[in-house]
Each structure stands twice: as structure tokens, then as C-alpha cells.
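Content type mmCIF, N, CA and C atoms, from the file query.cif:
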```cif
data_start
#
loop_
_atom_site.label_atom_id
_atom_site.label_comp_id
_atom_site.auth_asym_id
_atom_site.auth_seq_id
_atom_site.Cartn_x
_atom_site.Cartn_y
_atom_site.Cartn_z
N LEU P 1 11.49 -66.21 57.96
CA LEU P 1 10.63 -65.06 57.83
C LEU P 1 9.26 -65.50 57.38
N TYR P 2 8.25 -64.86 57.92
CA TYR P 2 6.87 -65.20 57.57
C TYR P 2 6.25 -64.05 56.80
N TYR P 3 5.42 -64.39 55.82
CA TYR P 3 4.74 -63.36 55.05
C TYR P 3 3.38 -63.89 54.63
N ASP P 4 2.46 -62.97 54.41
CA ASP P 4 1.12 -63.33 53.97
C ASP P 4 1.13 -63.44 52.45
N ALA P 5 0.92 -64.63 51.93
CA ALA P 5 1.01 -64.88 50.49
C ALA P 5 -0.04 -64.10 49.70
N ASP P 6 -1.16 -63.76 50.33
CA ASP P 6 -2.20 -63.01 49.62
C ASP P 6 -1.83 -61.54 49.47
N LEU P 7 -1.10 -60.99 50.43
CA LEU P 7 -0.76 -59.57 50.39
C LEU P 7 0.57 -59.31 49.71
N GLN P 8 1.52 -60.20 49.89
CA GLN P 8 2.87 -59.98 49.37
C GLN P 8 3.27 -61.15 48.48
N ARG P 9 3.93 -60.84 47.40
CA ARG P 9 4.49 -61.88 46.53
C ARG P 9 5.98 -61.65 46.51
N PRO P 10 6.71 -62.29 47.42
CA PRO P 10 8.13 -61.98 47.58
C PRO P 10 8.99 -62.54 46.46
N VAL P 11 10.15 -61.93 46.30
CA VAL P 11 11.21 -62.50 45.46
C VAL P 11 11.98 -63.42 46.39
N VAL P 12 12.07 -64.69 46.02
CA VAL P 12 12.77 -65.67 46.84
C VAL P 12 14.06 -66.06 46.14
N LEU P 13 15.18 -65.89 46.83
CA LEU P 13 16.47 -66.32 46.29
C LEU P 13 16.83 -67.66 46.90
N ASN P 14 17.09 -68.64 46.06
CA ASN P 14 17.57 -69.95 46.47
C ASN P 14 19.05 -70.00 46.13
N TYR P 15 19.86 -70.49 47.04
CA TYR P 15 21.30 -70.47 46.83
C TYR P 15 21.96 -71.65 47.52
N VAL P 16 23.21 -71.88 47.14
CA VAL P 16 24.03 -72.90 47.78
C VAL P 16 24.94 -72.17 48.77
N ASN P 17 24.83 -72.51 50.06
CA ASN P 17 25.63 -71.81 51.06
C ASN P 17 27.05 -72.34 51.12
N LYS P 18 27.87 -71.82 52.04
CA LYS P 18 29.28 -72.18 52.09
C LYS P 18 29.52 -73.62 52.53
N TYR P 19 28.50 -74.28 53.05
CA TYR P 19 28.62 -75.68 53.44
C TYR P 19 28.13 -76.62 52.34
N GLY P 20 27.68 -76.06 51.23
CA GLY P 20 27.19 -76.87 50.12
C GLY P 20 25.72 -77.24 50.23
N ALA P 21 25.03 -76.71 51.19
CA ALA P 21 23.61 -76.99 51.38
C ALA P 21 22.77 -75.93 50.67
N LYS P 22 21.60 -76.33 50.19
CA LYS P 22 20.69 -75.37 49.56
C LYS P 22 19.92 -74.63 50.63
N ASN P 23 19.74 -73.33 50.41
CA ASN P 23 19.05 -72.48 51.35
C ASN P 23 18.22 -71.47 50.56
N SER P 24 17.32 -70.78 51.21
CA SER P 24 16.53 -69.75 50.53
C SER P 24 16.29 -68.58 51.46
N PHE P 25 16.03 -67.42 50.84
CA PHE P 25 15.74 -66.22 51.60
C PHE P 25 14.70 -65.41 50.83
N ALA P 26 13.66 -64.96 51.51
CA ALA P 26 12.58 -64.20 50.88
C ALA P 26 12.80 -62.71 51.06
N PHE P 27 12.72 -61.97 49.96
CA PHE P 27 12.82 -60.52 49.96
C PHE P 27 11.41 -59.98 49.77
N THR P 28 10.80 -59.53 50.86
CA THR P 28 9.37 -59.24 50.87
C THR P 28 9.00 -57.80 50.56
N LEU P 29 9.96 -56.89 50.63
CA LEU P 29 9.61 -55.49 50.35
C LEU P 29 9.70 -55.21 48.85
N LYS P 30 9.64 -53.98 48.49
CA LYS P 30 9.58 -53.53 47.10
C LYS P 30 10.73 -54.11 46.27
N HIS P 31 10.40 -54.52 45.04
CA HIS P 31 11.44 -54.89 44.09
C HIS P 31 11.15 -54.20 42.76
N THR P 32 12.23 -53.77 42.10
CA THR P 32 12.10 -53.08 40.82
C THR P 32 12.86 -53.84 39.76
N GLU P 33 12.44 -53.68 38.52
CA GLU P 33 13.05 -54.38 37.39
C GLU P 33 13.62 -53.35 36.42
N ASP P 34 14.83 -53.63 35.93
CA ASP P 34 15.47 -52.79 34.92
C ASP P 34 15.89 -53.66 33.75
N ILE P 35 15.76 -53.11 32.54
CA ILE P 35 16.23 -53.80 31.35
C ILE P 35 17.17 -52.85 30.63
N THR P 36 18.40 -53.30 30.36
CA THR P 36 19.37 -52.48 29.66
C THR P 36 19.80 -53.22 28.40
N SER P 37 20.13 -52.45 27.37
CA SER P 37 20.58 -53.07 26.13
C SER P 37 21.70 -52.24 25.52
N THR P 38 22.55 -52.93 24.77
CA THR P 38 23.57 -52.26 23.99
C THR P 38 23.34 -52.62 22.54
N SER P 39 23.51 -51.64 21.66
CA SER P 39 23.22 -51.90 20.25
C SER P 39 24.10 -51.03 19.36
N GLU P 40 24.13 -51.40 18.11
CA GLU P 40 24.79 -50.62 17.07
C GLU P 40 23.79 -50.46 15.94
N SER P 41 24.01 -49.44 15.11
CA SER P 41 23.15 -49.29 13.94
C SER P 41 24.02 -49.36 12.69
N PHE P 42 23.43 -49.80 11.62
CA PHE P 42 24.15 -49.88 10.36
C PHE P 42 23.20 -49.55 9.22
N LYS P 43 23.76 -49.11 8.12
CA LYS P 43 22.98 -48.78 6.92
C LYS P 43 23.02 -49.98 5.98
N ARG P 44 21.91 -50.25 5.35
CA ARG P 44 21.88 -51.33 4.38
C ARG P 44 21.26 -50.84 3.08
N ASN P 45 21.56 -51.53 2.03
CA ASN P 45 21.08 -51.16 0.71
C ASN P 45 19.66 -51.68 0.53
N VAL P 46 18.73 -50.80 0.15
CA VAL P 46 17.35 -51.19 -0.05
C VAL P 46 16.91 -50.99 -1.51
N VAL P 47 17.87 -50.94 -2.41
CA VAL P 47 17.56 -50.74 -3.83
C VAL P 47 17.06 -52.06 -4.42
N ASN P 48 15.96 -51.99 -5.16
CA ASN P 48 15.44 -53.14 -5.90
C ASN P 48 16.10 -53.10 -7.28
N TYR P 49 17.01 -54.00 -7.52
CA TYR P 49 17.77 -53.96 -8.77
C TYR P 49 16.95 -54.44 -9.97
N GLY P 50 15.83 -55.11 -9.73
CA GLY P 50 14.97 -55.52 -10.84
C GLY P 50 14.28 -54.33 -11.48
N SER P 51 13.80 -53.40 -10.65
CA SER P 51 13.11 -52.22 -11.18
C SER P 51 13.95 -50.95 -11.04
N LEU P 52 15.14 -51.08 -10.46
CA LEU P 52 16.03 -49.95 -10.20
C LEU P 52 15.31 -48.82 -9.45
N SER P 53 14.59 -49.21 -8.41
CA SER P 53 13.91 -48.22 -7.58
C SER P 53 14.14 -48.57 -6.11
N THR P 54 13.85 -47.60 -5.27
CA THR P 54 13.94 -47.84 -3.83
C THR P 54 12.53 -47.84 -3.26
N ALA P 55 12.33 -48.71 -2.31
CA ALA P 55 11.03 -48.76 -1.63
C ALA P 55 11.17 -47.99 -0.32
N ASN P 56 10.32 -47.02 -0.13
CA ASN P 56 10.39 -46.19 1.07
C ASN P 56 9.78 -46.88 2.29
N VAL P 57 9.33 -48.10 2.13
CA VAL P 57 8.70 -48.80 3.25
C VAL P 57 9.69 -49.69 4.00
N GLU P 58 10.91 -49.82 3.48
CA GLU P 58 11.91 -50.66 4.14
C GLU P 58 12.85 -49.80 4.97
N HIS P 59 13.39 -50.39 6.00
CA HIS P 59 14.33 -49.69 6.87
C HIS P 59 15.73 -49.74 6.27
N SER P 60 16.26 -48.59 5.93
CA SER P 60 17.64 -48.57 5.44
C SER P 60 18.62 -48.50 6.59
N SER P 61 18.19 -47.94 7.70
CA SER P 61 19.01 -47.93 8.90
C SER P 61 18.46 -48.98 9.85
N ARG P 62 19.30 -49.92 10.22
CA ARG P 62 18.87 -51.03 11.08
C ARG P 62 19.62 -51.00 12.40
N LYS P 63 18.98 -51.48 13.42
CA LYS P 63 19.58 -51.57 14.74
C LYS P 63 19.95 -53.02 15.01
N LEU P 64 21.17 -53.26 15.43
CA LEU P 64 21.65 -54.58 15.78
C LEU P 64 21.84 -54.61 17.29
N VAL P 65 20.97 -55.35 17.98
CA VAL P 65 21.06 -55.44 19.44
C VAL P 65 22.17 -56.43 19.78
N LYS P 66 23.18 -55.94 20.50
CA LYS P 66 24.31 -56.79 20.86
C LYS P 66 24.04 -57.57 22.13
N ALA P 67 23.44 -56.93 23.11
CA ALA P 67 23.15 -57.60 24.38
C ALA P 67 22.02 -56.88 25.09
N ALA P 68 21.25 -57.64 25.84
CA ALA P 68 20.19 -57.08 26.66
C ALA P 68 20.18 -57.84 27.97
N LYS P 69 20.16 -57.12 29.08
CA LYS P 69 20.19 -57.73 30.39
C LYS P 69 19.01 -57.26 31.22
N GLN P 70 18.52 -58.16 32.04
CA GLN P 70 17.42 -57.87 32.95
C GLN P 70 17.99 -57.92 34.37
N SER P 71 17.73 -56.88 35.15
CA SER P 71 18.23 -56.84 36.52
C SER P 71 17.13 -56.37 37.46
N PHE P 72 17.32 -56.67 38.73
CA PHE P 72 16.31 -56.35 39.75
C PHE P 72 17.00 -55.76 40.96
N THR P 73 16.31 -54.87 41.64
CA THR P 73 16.72 -54.37 42.95
C THR P 73 15.70 -54.91 43.93
N ILE P 74 16.17 -55.65 44.92
CA ILE P 74 15.28 -56.29 45.88
C ILE P 74 15.61 -55.85 47.29
N ASN P 75 14.62 -55.86 48.16
CA ASN P 75 14.77 -55.38 49.53
C ASN P 75 14.26 -56.40 50.52
N THR P 76 15.02 -56.58 51.61
CA THR P 76 14.54 -57.44 52.68
C THR P 76 13.54 -56.67 53.52
N ASP P 77 12.79 -57.42 54.27
CA ASP P 77 11.94 -56.80 55.27
C ASP P 77 12.86 -56.38 56.42
N TYR P 78 12.33 -55.75 57.42
CA TYR P 78 13.14 -55.42 58.59
C TYR P 78 13.38 -56.72 59.34
N ILE P 79 14.66 -57.07 59.47
CA ILE P 79 15.00 -58.40 59.97
C ILE P 79 15.81 -58.34 61.25
N ASN P 80 15.92 -59.48 61.89
CA ASN P 80 16.69 -59.65 63.10
C ASN P 80 18.16 -59.85 62.75
N GLU P 81 19.06 -59.55 63.68
CA GLU P 81 20.49 -59.75 63.45
C GLU P 81 20.82 -61.21 63.13
N TYR P 82 19.98 -62.11 63.54
CA TYR P 82 20.19 -63.54 63.30
C TYR P 82 20.37 -63.84 61.81
N TYR P 83 19.72 -63.10 60.93
CA TYR P 83 19.73 -63.37 59.49
C TYR P 83 20.91 -62.75 58.75
N VAL P 84 21.72 -61.94 59.42
CA VAL P 84 22.83 -61.25 58.75
C VAL P 84 23.84 -62.26 58.19
N GLN P 85 24.14 -63.32 58.94
CA GLN P 85 25.08 -64.34 58.46
C GLN P 85 24.52 -65.06 57.24
N GLN P 86 23.21 -65.28 57.20
CA GLN P 86 22.59 -65.91 56.04
C GLN P 86 22.72 -65.01 54.81
N LEU P 87 22.58 -63.71 54.98
CA LEU P 87 22.75 -62.78 53.86
C LEU P 87 24.20 -62.73 53.40
N GLU P 88 25.14 -62.88 54.34
CA GLU P 88 26.55 -62.93 53.98
C GLU P 88 26.83 -64.16 53.11
N GLU P 89 26.26 -65.30 53.49
CA GLU P 89 26.44 -66.51 52.68
C GLU P 89 25.79 -66.36 51.32
N LEU P 90 24.68 -65.65 51.26
CA LEU P 90 23.99 -65.42 49.99
C LEU P 90 24.87 -64.61 49.04
N ILE P 91 25.49 -63.55 49.53
CA ILE P 91 26.30 -62.70 48.66
C ILE P 91 27.58 -63.40 48.22
N LEU P 92 28.04 -64.39 48.98
CA LEU P 92 29.25 -65.13 48.63
C LEU P 92 28.96 -66.36 47.77
N SER P 93 27.71 -66.70 47.58
CA SER P 93 27.35 -67.90 46.84
C SER P 93 27.61 -67.76 45.34
N GLU P 94 28.09 -68.83 44.74
CA GLU P 94 28.30 -68.86 43.29
C GLU P 94 27.05 -69.27 42.54
N TYR P 95 26.15 -69.96 43.20
CA TYR P 95 24.95 -70.49 42.57
C TYR P 95 23.71 -69.91 43.25
N VAL P 96 23.03 -69.03 42.52
CA VAL P 96 21.83 -68.38 43.05
C VAL P 96 20.74 -68.45 41.99
N TRP P 97 19.53 -68.82 42.41
CA TRP P 97 18.37 -68.84 41.54
C TRP P 97 17.28 -68.00 42.19
N ALA P 98 16.48 -67.34 41.38
CA ALA P 98 15.43 -66.47 41.90
C ALA P 98 14.06 -66.93 41.43
N SER P 99 13.12 -66.81 42.32
CA SER P 99 11.70 -66.99 41.99
C SER P 99 11.09 -65.60 42.06
N ILE P 100 10.79 -65.03 40.88
CA ILE P 100 10.34 -63.65 40.81
C ILE P 100 8.90 -63.63 40.30
N PRO P 101 7.97 -63.12 41.11
CA PRO P 101 6.57 -63.07 40.67
C PRO P 101 6.41 -62.19 39.43
N HIS P 102 5.47 -62.53 38.60
CA HIS P 102 5.13 -61.78 37.38
C HIS P 102 6.22 -61.84 36.31
N VAL P 103 7.32 -62.58 36.52
CA VAL P 103 8.38 -62.68 35.52
C VAL P 103 8.44 -64.09 34.97
N SER P 104 8.50 -65.06 35.86
CA SER P 104 8.60 -66.45 35.43
C SER P 104 7.98 -67.35 36.49
N SER P 105 7.42 -68.46 36.05
CA SER P 105 6.85 -69.42 37.00
C SER P 105 7.90 -70.41 37.48
N SER P 106 9.09 -70.37 36.90
CA SER P 106 10.16 -71.27 37.32
C SER P 106 11.33 -70.47 37.88
N LEU P 107 12.33 -71.18 38.38
CA LEU P 107 13.51 -70.53 38.93
C LEU P 107 14.38 -69.97 37.81
N ILE P 108 14.93 -68.79 38.03
CA ILE P 108 15.77 -68.10 37.06
C ILE P 108 17.19 -68.02 37.64
N PRO P 109 18.22 -68.43 36.88
CA PRO P 109 19.58 -68.28 37.40
C PRO P 109 19.97 -66.80 37.42
N VAL P 110 20.48 -66.33 38.56
CA VAL P 110 20.85 -64.93 38.70
C VAL P 110 22.24 -64.83 39.34
N THR P 111 22.84 -63.66 39.20
CA THR P 111 24.07 -63.34 39.93
C THR P 111 23.81 -62.09 40.75
N ILE P 112 24.39 -62.07 41.93
CA ILE P 112 24.26 -60.89 42.79
C ILE P 112 25.37 -59.94 42.39
N THR P 113 25.01 -58.75 41.98
CA THR P 113 26.00 -57.80 41.48
C THR P 113 26.60 -56.92 42.57
N ASP P 114 26.02 -56.96 43.77
CA ASP P 114 26.62 -56.22 44.88
C ASP P 114 27.94 -56.85 45.26
N LYS P 115 28.91 -56.02 45.57
CA LYS P 115 30.24 -56.52 45.90
C LYS P 115 30.51 -56.55 47.40
N LYS P 116 29.66 -55.90 48.19
CA LYS P 116 29.90 -55.89 49.62
C LYS P 116 28.58 -55.83 50.37
N ILE P 117 28.66 -56.20 51.63
CA ILE P 117 27.51 -56.11 52.51
C ILE P 117 27.97 -55.42 53.78
N ALA P 118 27.27 -54.42 54.19
CA ALA P 118 27.59 -53.72 55.44
C ALA P 118 26.76 -54.36 56.54
N LYS P 119 27.43 -55.04 57.45
CA LYS P 119 26.70 -55.71 58.53
C LYS P 119 26.16 -54.66 59.50
N LYS P 120 24.89 -54.78 59.78
CA LYS P 120 24.24 -53.82 60.67
C LYS P 120 23.83 -54.56 61.94
N ASN P 121 23.58 -53.80 62.99
CA ASN P 121 23.06 -54.42 64.21
C ASN P 121 21.97 -53.53 64.79
N HIS P 122 21.16 -54.13 65.62
CA HIS P 122 20.02 -53.41 66.19
C HIS P 122 20.44 -52.28 67.13
N ILE P 123 21.59 -52.42 67.76
CA ILE P 123 22.01 -51.40 68.73
C ILE P 123 22.27 -50.07 68.03
N ASN P 124 23.00 -50.12 66.92
CA ASN P 124 23.37 -48.89 66.23
C ASN P 124 22.35 -48.46 65.17
N ASP P 125 21.75 -49.40 64.50
CA ASP P 125 20.92 -49.07 63.35
C ASP P 125 19.42 -49.26 63.57
N ARG P 126 19.05 -49.60 64.78
CA ARG P 126 17.64 -49.87 65.11
C ARG P 126 17.08 -50.99 64.23
N MET P 127 16.27 -50.67 63.27
CA MET P 127 15.69 -51.69 62.40
C MET P 127 16.64 -51.98 61.25
N ILE P 128 16.89 -53.26 60.97
CA ILE P 128 17.84 -53.65 59.94
C ILE P 128 17.09 -54.03 58.67
N GLN P 129 17.53 -53.44 57.54
CA GLN P 129 16.93 -53.72 56.24
C GLN P 129 18.04 -53.66 55.21
N TYR P 130 18.07 -54.63 54.28
CA TYR P 130 19.12 -54.70 53.27
C TYR P 130 18.53 -54.60 51.87
N THR P 131 19.33 -54.05 50.96
CA THR P 131 18.96 -53.95 49.55
C THR P 131 20.04 -54.64 48.72
N PHE P 132 19.61 -55.47 47.76
CA PHE P 132 20.54 -56.17 46.88
C PHE P 132 20.18 -55.90 45.43
N ALA P 133 21.19 -55.94 44.57
CA ALA P 133 20.99 -55.86 43.13
C ALA P 133 21.35 -57.22 42.55
N ILE P 134 20.42 -57.77 41.75
CA ILE P 134 20.68 -59.05 41.11
C ILE P 134 20.49 -58.89 39.61
N GLU P 135 21.19 -59.71 38.85
CA GLU P 135 21.10 -59.67 37.39
C GLU P 135 20.84 -61.08 36.89
N VAL P 136 19.94 -61.21 35.94
CA VAL P 136 19.64 -62.52 35.36
C VAL P 136 20.89 -63.01 34.65
N ALA P 137 21.25 -64.27 34.87
CA ALA P 137 22.52 -64.82 34.37
C ALA P 137 22.42 -65.33 32.94
N ARG P 138 21.57 -64.75 32.16
CA ARG P 138 21.47 -65.05 30.73
C ARG P 138 20.95 -63.79 30.04
N ASP P 139 21.09 -63.76 28.72
CA ASP P 139 20.62 -62.60 27.98
C ASP P 139 19.10 -62.51 28.02
N TYR P 140 18.59 -61.30 28.01
CA TYR P 140 17.14 -61.06 28.05
C TYR P 140 16.51 -61.51 26.73
N ILE P 141 17.20 -61.25 25.62
CA ILE P 141 16.74 -61.73 24.32
C ILE P 141 17.85 -62.53 23.69
N ASN P 142 17.49 -63.43 22.81
CA ASN P 142 18.48 -64.26 22.13
C ASN P 142 19.09 -63.46 20.97
N THR P 143 20.35 -63.12 21.10
CA THR P 143 21.01 -62.34 20.05
C THR P 143 21.84 -63.24 19.13
N ILE P 144 21.86 -64.53 19.39
CA ILE P 144 22.59 -65.47 18.54
C ILE P 144 21.61 -66.01 17.50
N ARG P 145 21.88 -65.69 16.25
CA ARG P 145 20.96 -66.10 15.19
C ARG P 145 21.67 -66.93 14.17
#
```
This entry written out as C-alpha cells:
Amino acid sequence: LYYDADLQRPVVLNYVNKYGAKNSFAFTLKHTEDITSTSESFKRNVVNYGSLSTANVEHSSRKLVKAAKQSFTINTDYINEYYVQQLEELILSEYVWASIPHVSSSLIPVTITDKKIAKKNHINDRMIQYTFAIEVARDYINTIR
């Protein structure tokens, strides 16, 4: 697939295909980013035992972030049927890395969260376009302290 680097900054997925070779695929249409987190809150004691007073400037209710994940929804351009097998290998790959503009200058390990791919063809569907959901394969923030 060809794209104009000045107009589009694609999300490029690099992956290991079923033959063990490295391959890549550019997702040139719109991509969106989502950040989700799970947390608990707890109460803590803010009494100053030296003066036996409470300071109203401290947080007595605290939030403990358990996990935070960053995920993306990415879209292919309108593609030829020739690329459908490449997308099938991408969804079956265990090792996928993403190059995402405005997020990181290096490759990010990701997992594809879609469980199936509906193969389309030009005869029935005219123009073929696919949407994938990917999730960064590490926590968004470090919760291990």
C-alpha cells in the first residue's frame, strides 16, 4: 500500500506471520485512542498525633489505581482482495508491534483484541475496508511500587 507521508501518518503494525517471517501492514485511515482504568478507593487516617489535629489539606480518601490500559481502533484503507490473507495472518500472529504516530517514536508491543475477521470480496462488498482493535501489551502506568 502506498500513502503520502506528508498527508497521512499511518499506524503500522509489524508482525511475525505464520511462516515465521516479519511483515508489516499500514492502517492509513482514522485511528482512535482509548484509555481505561480500574481503581479502588480507601480511607486513611490524616490525624497529626503530635498536635492532635487534622489537616484539611490532605486527602483522607485516596484512589488506588489497579490497572490502566491503552487501546486503539485502527482502520485499513480500501484495499484489494489480495491483502485479505495478509490481514488473516496478522490477526493470528502472536507477536505484533505497532508504530503509532503521536504516541511513541519506537515500536510498541500490542495484542489484537479482535477474535475474528470476516473475509470480504469485491464482488459482494464493492470496496473492502477493515477495522481492528489493538491493545498495548503493557500497563499504561506503572502500578508496581
Listed atoms of range 117-128 of chain P boxed along x, y and z, 4 Å each side, centre and edge lengths in Å, one decimal, as AutoDock Vina command-line options:
```
--center_x 22.2 --center_y -52.3 --center_z 60.2 --size_x 21.0 --size_y 15.7 --size_z 25.1
```
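Between CA of Tyr130 in chain P and CA of Ser105 in chain P the interatomic distance comes to 25.1 Å.
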Result set of the PyMOL selection byres (((chain P and resi 76 and name CA) around 8) and name CA) on the coordinates above, as a ChimeraX atom specification: /P:26-29,74-75,77-79,129-131
Within 10 Å of Ser41 in chain P, counting only C-alpha atoms, which residues qualify if same-chain residues fewer than 4 places away don't, as a list in words? Ser61, Arg62, Lys63, Leu64 and Val65 of chain P
Using DSSP secondary structure from the backbone, list all strand (DSSP E) positions within chain P, as a VMD selection string. chain P and resid 11 to 16 22 to 27 31 to 43 47 to 48 53 to 54 61 to 75 96 to 99 108 to 112 131 to 136
Within 6.5 Å of range 97-103 of chain P using only N, CA and C atoms, minus same-chain residues under 3 positions, as a ChimeraX atom specification: /P:9-15,106-110
In range 13-101 of chain P, DSSP helix (DSSP H, G or I) residues written as a ChimeraX atom specification: /P:81-92
I'd like the neighbourhood of Lys66 in chain P as number ranges by chain, where a residue qualifies if any of its atoms comes within 9 Å (using only C-alpha atoms), though same-chain residues fewer than 5 positions away should be ignored. P: 37-40, 143
For Ala68 in chain P, list every protein, DNA or RNA residue within 7 Å, evaluated using all atoms listed in the file, and leave out those in the same chain fewer than 5 positions away; present the list as a VMD selection string. chain P and resid 35 to 38 138 to 141
Given the file shown, enumerate the residues that the PyMOL selection byres (((chain P and resi 88 and name CA) around 10) and name CA) captures and present them as a PyMOL selection string. chain P and resi 17-18+83-87+89-93+116-119
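Interatomic distance, atom C of Val136 in chain P to atom N of Thr111 in chain P: 5.0 Å.
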